[in-house]
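> Pasting in a structure now, in structure tokens, and then I'll have a few things to ask.
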Amino acid sequence: MNLILQVVVAVGIFLIAVALGNTLDYWNRKLYARMQSRFGPLLVMYAGFRKVLGPSRILQPLYDVAKLWGKRTIIPGSSRKNLFKVSPVVALLAVSVAILMTPVCDLTILGGLSWALIGLSYLIMTVSLFWIIGGAASSSPWGAIGARREAELFLGCEIPLITSLFSAAILARSLSFCDILNFQRGFLPIILLNPFAAFAMFFAVLGKLHLKPFDIPDAEVEIVAGPFTEYSGKLLSVIYFTRMLLFYLLSTVFVDAFLSGGLFFKGILYPLNILVFLGLCFLFVFLLSTVHAAMPRYRIDQAFKFYLKYIWPVAFAGLTLSVILVSTGVV
Amino acid sequence: MKENVLAALKEQLSEDLLSYWDAGKGRVYVEMRKERLLEVSKLLLKKFEARLVHINVIDLGIDGFKAVYSFGLDHLEKSLHINIVVRAPREDPRFPSLTPMTAQAEWAEREAMELLGVTFEGHPNPRRLFLPYEWPKPVESGWVPLKAKPTVPEAAVVPLGPYHPALVEGEYFRLRVDGEEIVDADLKMGFKHRGIMKLFEDRSYWRGVYLSERICGICSHAHTTAFTRTVEMVAGIEIPERALYIRSLIAELERIHSHLLWLGVAGDLVGFKSLFMWVWREREHVQDILELLTGNRCHYAMNTIGGVRRDISEEQAKKALSRLEDLRAGLKRVLDAVYDNPVLRARTEDVGVLKLPDAVDGGAVGPTARASGWRIDVRADDPYAAYEDLSWDVVVDEGKDVWARMVVRVKEALISADMCRQCLEALTKMKGEIRSEVSEFGEGEALGKTEAPRGELAYYVVSDGSIRPYAVRVRTPSYRNNALLPVMLRGYTLADAPIIIGSIDPCYACTDRVMIVDERTGRELQMPFHEFMAGRFKEGRG
């Protein structure tokens, strides 16, 4: 019985992730377009599309995934075929498991594990790693250069990401995500206790999601699509889906770890928490897309220097602050 | 200055100087024996600091070939050009090469060698310019490799291209890279050479105007202005003042639209999609003005021999003035938003530096030259249309990098907006004809130049007295700036390549293909096109 319930919850969380990932991605695209004063085609949408995409095209990100699924998959003859085929799937699996470790308004199945945060960090890393492997296996020079850049960017943004997550964990004195939520519920959102960690995390997420100024690995005018250049059809569809879920995952992790997961209300008002959670996710995406719209792209060496010079010190300051707060007994 | 140069030439040449004549408007022709060409060129280039505008080689049928070396001294004295005319017999069409002396001659000589079959003796790099390197034996000869051989014999071959998303148009760059750093660069032109210069010879002068308009979609007015100006110089036609103002007005509107287009594309090349969208939104104001005044957004068809085709009414002028104000306000908003962007600065400052000596030796033109601190502008040096009557100044920047080129273009666009205002105000005040009658064309030839948005655009027209030109030679500004790209690219990273290539505002109608040679392993990531196609076909059939 318990197992069936867990499976149902897992499927439920996954469906929430798909729906919310789609919406956040859509929201990001919409904001980005509006900030650039793009108004879309003047013609009214083709009536046949309206059924598929919804009246406001809100299903466009999912539709992209579905459309690519129907296209022919071309595997380059000179690529390492098995690695090339397997790596996007592994990345998708990693992000799917990571989703189960991240609570959505108390709804989780793996978030309560005592090592959830460590697992999460590894899984987020796995996504980047397998994208690097896929790009390198594609035998395309753009793929190789893109993979190299991805690896460099990965070094730059992974350390602030993990450091700031662990700053939150130190404050909660637990590596379980549920404990971090409970700690904030009884006290304050961690962003107020440790703004440094939240700041570092925000920039790390920009790099992880390849948003400007850190969209260097798939810089279109320089290296076509970087590691994803040779991917097409179903494999590209998997990559799109992974990116969509990653968008959801990192927004949720940020909201959970620093904004108390939106859980501000108790008792009868508890359903309001869902709205707060959604609102905080949207706010986070709004900040991401503002930076995305307002910035050109760094060169890879400049980006790495930026992380090293500004974000790493902030992340370590956050870690130190957490340690001080805990050791002096303030929290 | 003119007298000094002529006296020096006479002294140098004595009886080898066959004849000389002053064609008016600062154009001096000197005919001489080709044996003395090298020393005369050295005298002009080194002592008088002339620029070599172009080498126009003309096929005179049984009379052999005539080469007109157009030396520009207009940056020193207004409108002064010395055209050195040398001839070679049909049986032995050889000229001495100036390329060892100046890089400005390199492409002109290569072009003449392949289009006319003459030989420039001593050219260090006589490869094909427009035709494929392997022409006329595409399969047997295979691909002509880079100048330096790969260090390791076995070459892994990967097809790249024929498209690259950095540039909408095509050109083929071979970048030799060590890691991400560019060690050497080479480029191949001519993927869409259409032989327009030959087509001119089959058309009357009036139809030639439309043909010249189609050389470039962005600077179409600059091309027709240069062509009509040259033809008017040949035929000795005076143009009414009102037509001159209209020509200047359209040319400046075109400059704004071209510079804004470039600014957007440059933004895109450093990943600034928002700048691209914002600038192109403001650019619509100019496009609307152009549509209002000429009826078209790109090919305006305003110029004709002897004047312009459409008049501008007072009502149109008023509307255009108000839209210019909108443009200025909108542009200011965008520039305020992006001027201090740290990432934009980081990507463009100290990138793609072109030092002044390189710019002078390679003959850079237009904003590329002005951003290297060289004060040349045809509008000021060799005034045409109404530029002498307008109040404006040449924009020069000492930065020498991509950022400087960006600043020069933005400033020029703003100055152009002001010049448009002056033209429109002058047009509302003056009355008069917009065309003068053209009766007949005599024999003659002329060099006409305009300042296109990308730089100095030179036309050379030879007339034999008929209704069609005997020969037309075009030297576009990108022709010069493209040749300088290898200099700018060397030493920067692969990530900088798109913006450096983009920074000269390149304009080429050909297919872009990039080749990367890894310096350490010598792997060539490139495959001959026919091999690539052959592989493709096999796969398709199997």
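Identifiers in this document derive from the order of the structure tokens: chains are assigned A, B, ..., residues are numbered from 1 separately in each chain, and ligands are numbered from 1 in order of occurrence.
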Show me, as an mmCIF file with N, CA and C atoms, in the first residue's frame, the residues of chain B whose atoms get within 7 Å of chain A, using only C-alpha atoms for the distance check.

```
data_model
loop_
_atom_site.group_PDB
_atom_site.id
_atom_site.type_symbol
_atom_site.label_atom_id
_atom_site.label_comp_id
_atom_site.auth_asym_id
_atom_site.auth_seq_id
_atom_site.Cartn_x
_atom_site.Cartn_y
_atom_site.Cartn_z
ATOM 1 N N PRO B 165 26.233 30.216 -38.570
ATOM 2 C CA PRO B 165 25.209 31.168 -38.138
ATOM 3 C C PRO B 165 25.713 32.554 -37.771
ATOM 4 N N ALA B 166 27.040 32.750 -37.740
ATOM 5 C CA ALA B 166 27.523 34.077 -37.344
ATOM 6 C C ALA B 166 27.175 35.125 -38.389
ATOM 7 N N LEU B 269 26.132 39.390 -32.482
ATOM 8 C CA LEU B 269 27.373 38.624 -32.575
ATOM 9 C C LEU B 269 28.063 38.454 -31.221
ATOM 10 N N VAL B 270 27.808 39.368 -30.284
ATOM 11 C CA VAL B 270 28.328 39.144 -28.930
ATOM 12 C C VAL B 270 27.224 38.601 -28.034
ATOM 13 N N GLY B 271 26.151 38.124 -28.638
ATOM 14 C CA GLY B 271 25.093 37.490 -27.860
ATOM 15 C C GLY B 271 24.118 38.459 -27.230
ATOM 16 N N PHE B 272 24.126 39.721 -27.677
ATOM 17 C CA PHE B 272 23.218 40.711 -27.099
ATOM 18 C C PHE B 272 21.970 40.787 -27.974
ATOM 19 N N SER B 274 18.984 41.427 -27.180
ATOM 20 C CA SER B 274 18.083 42.532 -26.884
ATOM 21 C C SER B 274 18.502 43.794 -27.627
ATOM 22 N N MET B 277 17.264 43.586 -31.096
ATOM 23 C CA MET B 277 15.839 43.863 -31.254
ATOM 24 C C MET B 277 15.536 45.350 -31.057
ATOM 25 N N TRP B 278 16.162 45.948 -30.047
ATOM 26 C CA TRP B 278 15.873 47.350 -29.754
ATOM 27 C C TRP B 278 16.325 48.248 -30.895
ATOM 28 N N VAL B 343 29.496 43.891 -19.766
ATOM 29 C CA VAL B 343 29.810 42.721 -20.580
ATOM 30 C C VAL B 343 30.059 43.132 -22.036
ATOM 31 N N LEU B 344 29.260 44.077 -22.510
ATOM 32 C CA LEU B 344 29.459 44.555 -23.881
ATOM 33 C C LEU B 344 30.844 45.173 -24.025
ATOM 34 N N ARG B 347 33.532 42.510 -24.084
ATOM 35 C CA ARG B 347 33.617 41.739 -25.307
ATOM 36 C C ARG B 347 34.186 42.536 -26.484
ATOM 37 N N ALA B 495 36.159 32.702 -30.017
ATOM 38 C CA ALA B 495 34.921 33.350 -29.590
ATOM 39 C C ALA B 495 34.863 34.787 -30.069
ATOM 40 N N PRO B 498 33.625 35.988 -34.572
ATOM 41 C CA PRO B 498 32.426 36.559 -35.192
ATOM 42 C C PRO B 498 32.350 38.077 -35.063
#
```
> Can you pull out the residues contacting segment 254-268 of chain A? Cut-off 6 Å, using only C-alpha atoms, and skip same-chain residues under 4 positions away; I want them as a ChimeraX atom specification.
/A:181,184,189-191,273,276-277
> Export, as a JSON list (two decimals), in the first residue's frame, the selected residues with C-alpha atoms.

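Okay, this is what ended up in out-v5.json:
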```json
[["chain", "number", "residue", "atom", "x", "y", "z"],
["A", 181, "LEU", "CA", 12.04, 23.37, 4.95],
["A", 184, "GLN", "CA", 12.63, 27.79, 7.76],
["A", 189, "PRO", "CA", 13.57, 32.13, 5.16],
["A", 190, "ILE", "CA", 17.29, 31.48, 4.76],
["A", 191, "ILE", "CA", 17.62, 34.31, 2.23],
["A", 273, "ASN", "CA", 1.10, 28.18, 0.17],
["A", 276, "VAL", "CA", 2.97, 31.63, -2.79],
["A", 277, "PHE", "CA", 5.20, 28.85, -4.10]]
```
> Need the shell around segment 391-396 of chain B: protein/DNA/RNA residues with any atom at most 10 Å away, counting only C-alpha atoms. Skip same-chain ones fewer than 6 positions apart. Format as an MDAnalysis selection string?
chainID B and resid 367:380 404:405 407:412 415:416 418:419 422
> Give me a file of those residues, with C-alpha atoms, as a PDB file, in the first residue's frame.

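Saved as part.pdb:
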```pdb
ATOM      1  CA  PRO B 367      34.463  53.611 -40.318  1.00  0.00           C
ATOM      2  CA  THR B 368      37.106  50.877 -40.043  1.00  0.00           C
ATOM      3  CA  ALA B 369      39.818  53.373 -40.993  1.00  0.00           C
ATOM      4  CA  ARG B 370      38.314  56.185 -38.965  1.00  0.00           C
ATOM      5  CA  ALA B 371      38.168  53.997 -35.867  1.00  0.00           C
ATOM      6  CA  SER B 372      41.912  53.441 -36.273  1.00  0.00           C
ATOM      7  CA  GLY B 373      42.447  57.166 -36.125  1.00  0.00           C
ATOM      8  CA  TRP B 374      42.762  57.821 -39.857  1.00  0.00           C
ATOM      9  CA  ARG B 375      40.800  60.835 -40.978  1.00  0.00           C
ATOM     10  CA  ILE B 376      39.503  59.822 -44.408  1.00  0.00           C
ATOM     11  CA  ASP B 377      35.973  60.381 -45.603  1.00  0.00           C
ATOM     12  CA  VAL B 378      35.024  60.821 -49.247  1.00  0.00           C
ATOM     13  CA  ARG B 379      32.249  63.201 -48.289  1.00  0.00           C
ATOM     14  CA  ALA B 380      34.848  65.611 -46.956  1.00  0.00           C
ATOM     15  CA  ALA B 404      35.883  52.167 -31.376  1.00  0.00           C
ATOM     16  CA  ARG B 405      34.251  50.986 -34.598  1.00  0.00           C
ATOM     17  CA  VAL B 407      31.341  54.266 -31.343  1.00  0.00           C
ATOM     18  CA  VAL B 408      32.286  55.718 -34.739  1.00  0.00           C
ATOM     19  CA  ARG B 409      29.236  54.191 -36.392  1.00  0.00           C
ATOM     20  CA  VAL B 410      26.840  55.325 -33.677  1.00  0.00           C
ATOM     21  CA  LYS B 411      28.195  58.876 -33.796  1.00  0.00           C
ATOM     22  CA  GLU B 412      27.999  58.875 -37.582  1.00  0.00           C
ATOM     23  CA  ILE B 415      25.417  63.120 -37.322  1.00  0.00           C
ATOM     24  CA  SER B 416      23.655  61.717 -40.377  1.00  0.00           C
ATOM     25  CA  ASP B 418      21.337  65.943 -38.292  1.00  0.00           C
ATOM     26  CA  MET B 419      22.451  66.162 -41.915  1.00  0.00           C
ATOM     27  CA  GLN B 422      19.546  70.119 -42.737  1.00  0.00           C
TER      28      GLN B 422
END
```
> What gap, in Å, lies between atom CA of Glu349 of chain B and atom CA of Leu209 of chain A?
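According to the coordinates, atom CA of Glu349 of chain B and atom CA of Leu209 of chain A are separated by 27.1 Å.
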> Compile the contact shell of segment 71-77 of chain A as an NGL selection string: residues with an atom at most 6 Å away, counting only C-alpha atoms, same-chain residues fewer than 6 positions apart removed.
:A and (232-234)
> DSSP on the backbone, alpha helix (DSSP H) only: what residues of segment 214-423 of chain B does that give? Format it as a ChimeraX atom specification.
/B:220-235,241-269,273-294,314-338,342-348,356-362,366-370,378-381,402-423
> List the neighbours of Leu331 of chain B out to 12 Å using only C-alpha atoms; skip same-chain residues closer than 5 positions along the sequence, and give me the result as a ChimeraX atom specification.
/B:256-257,259-260,263-264,275,278-286,324-326,336-339,410-411,413-414,417
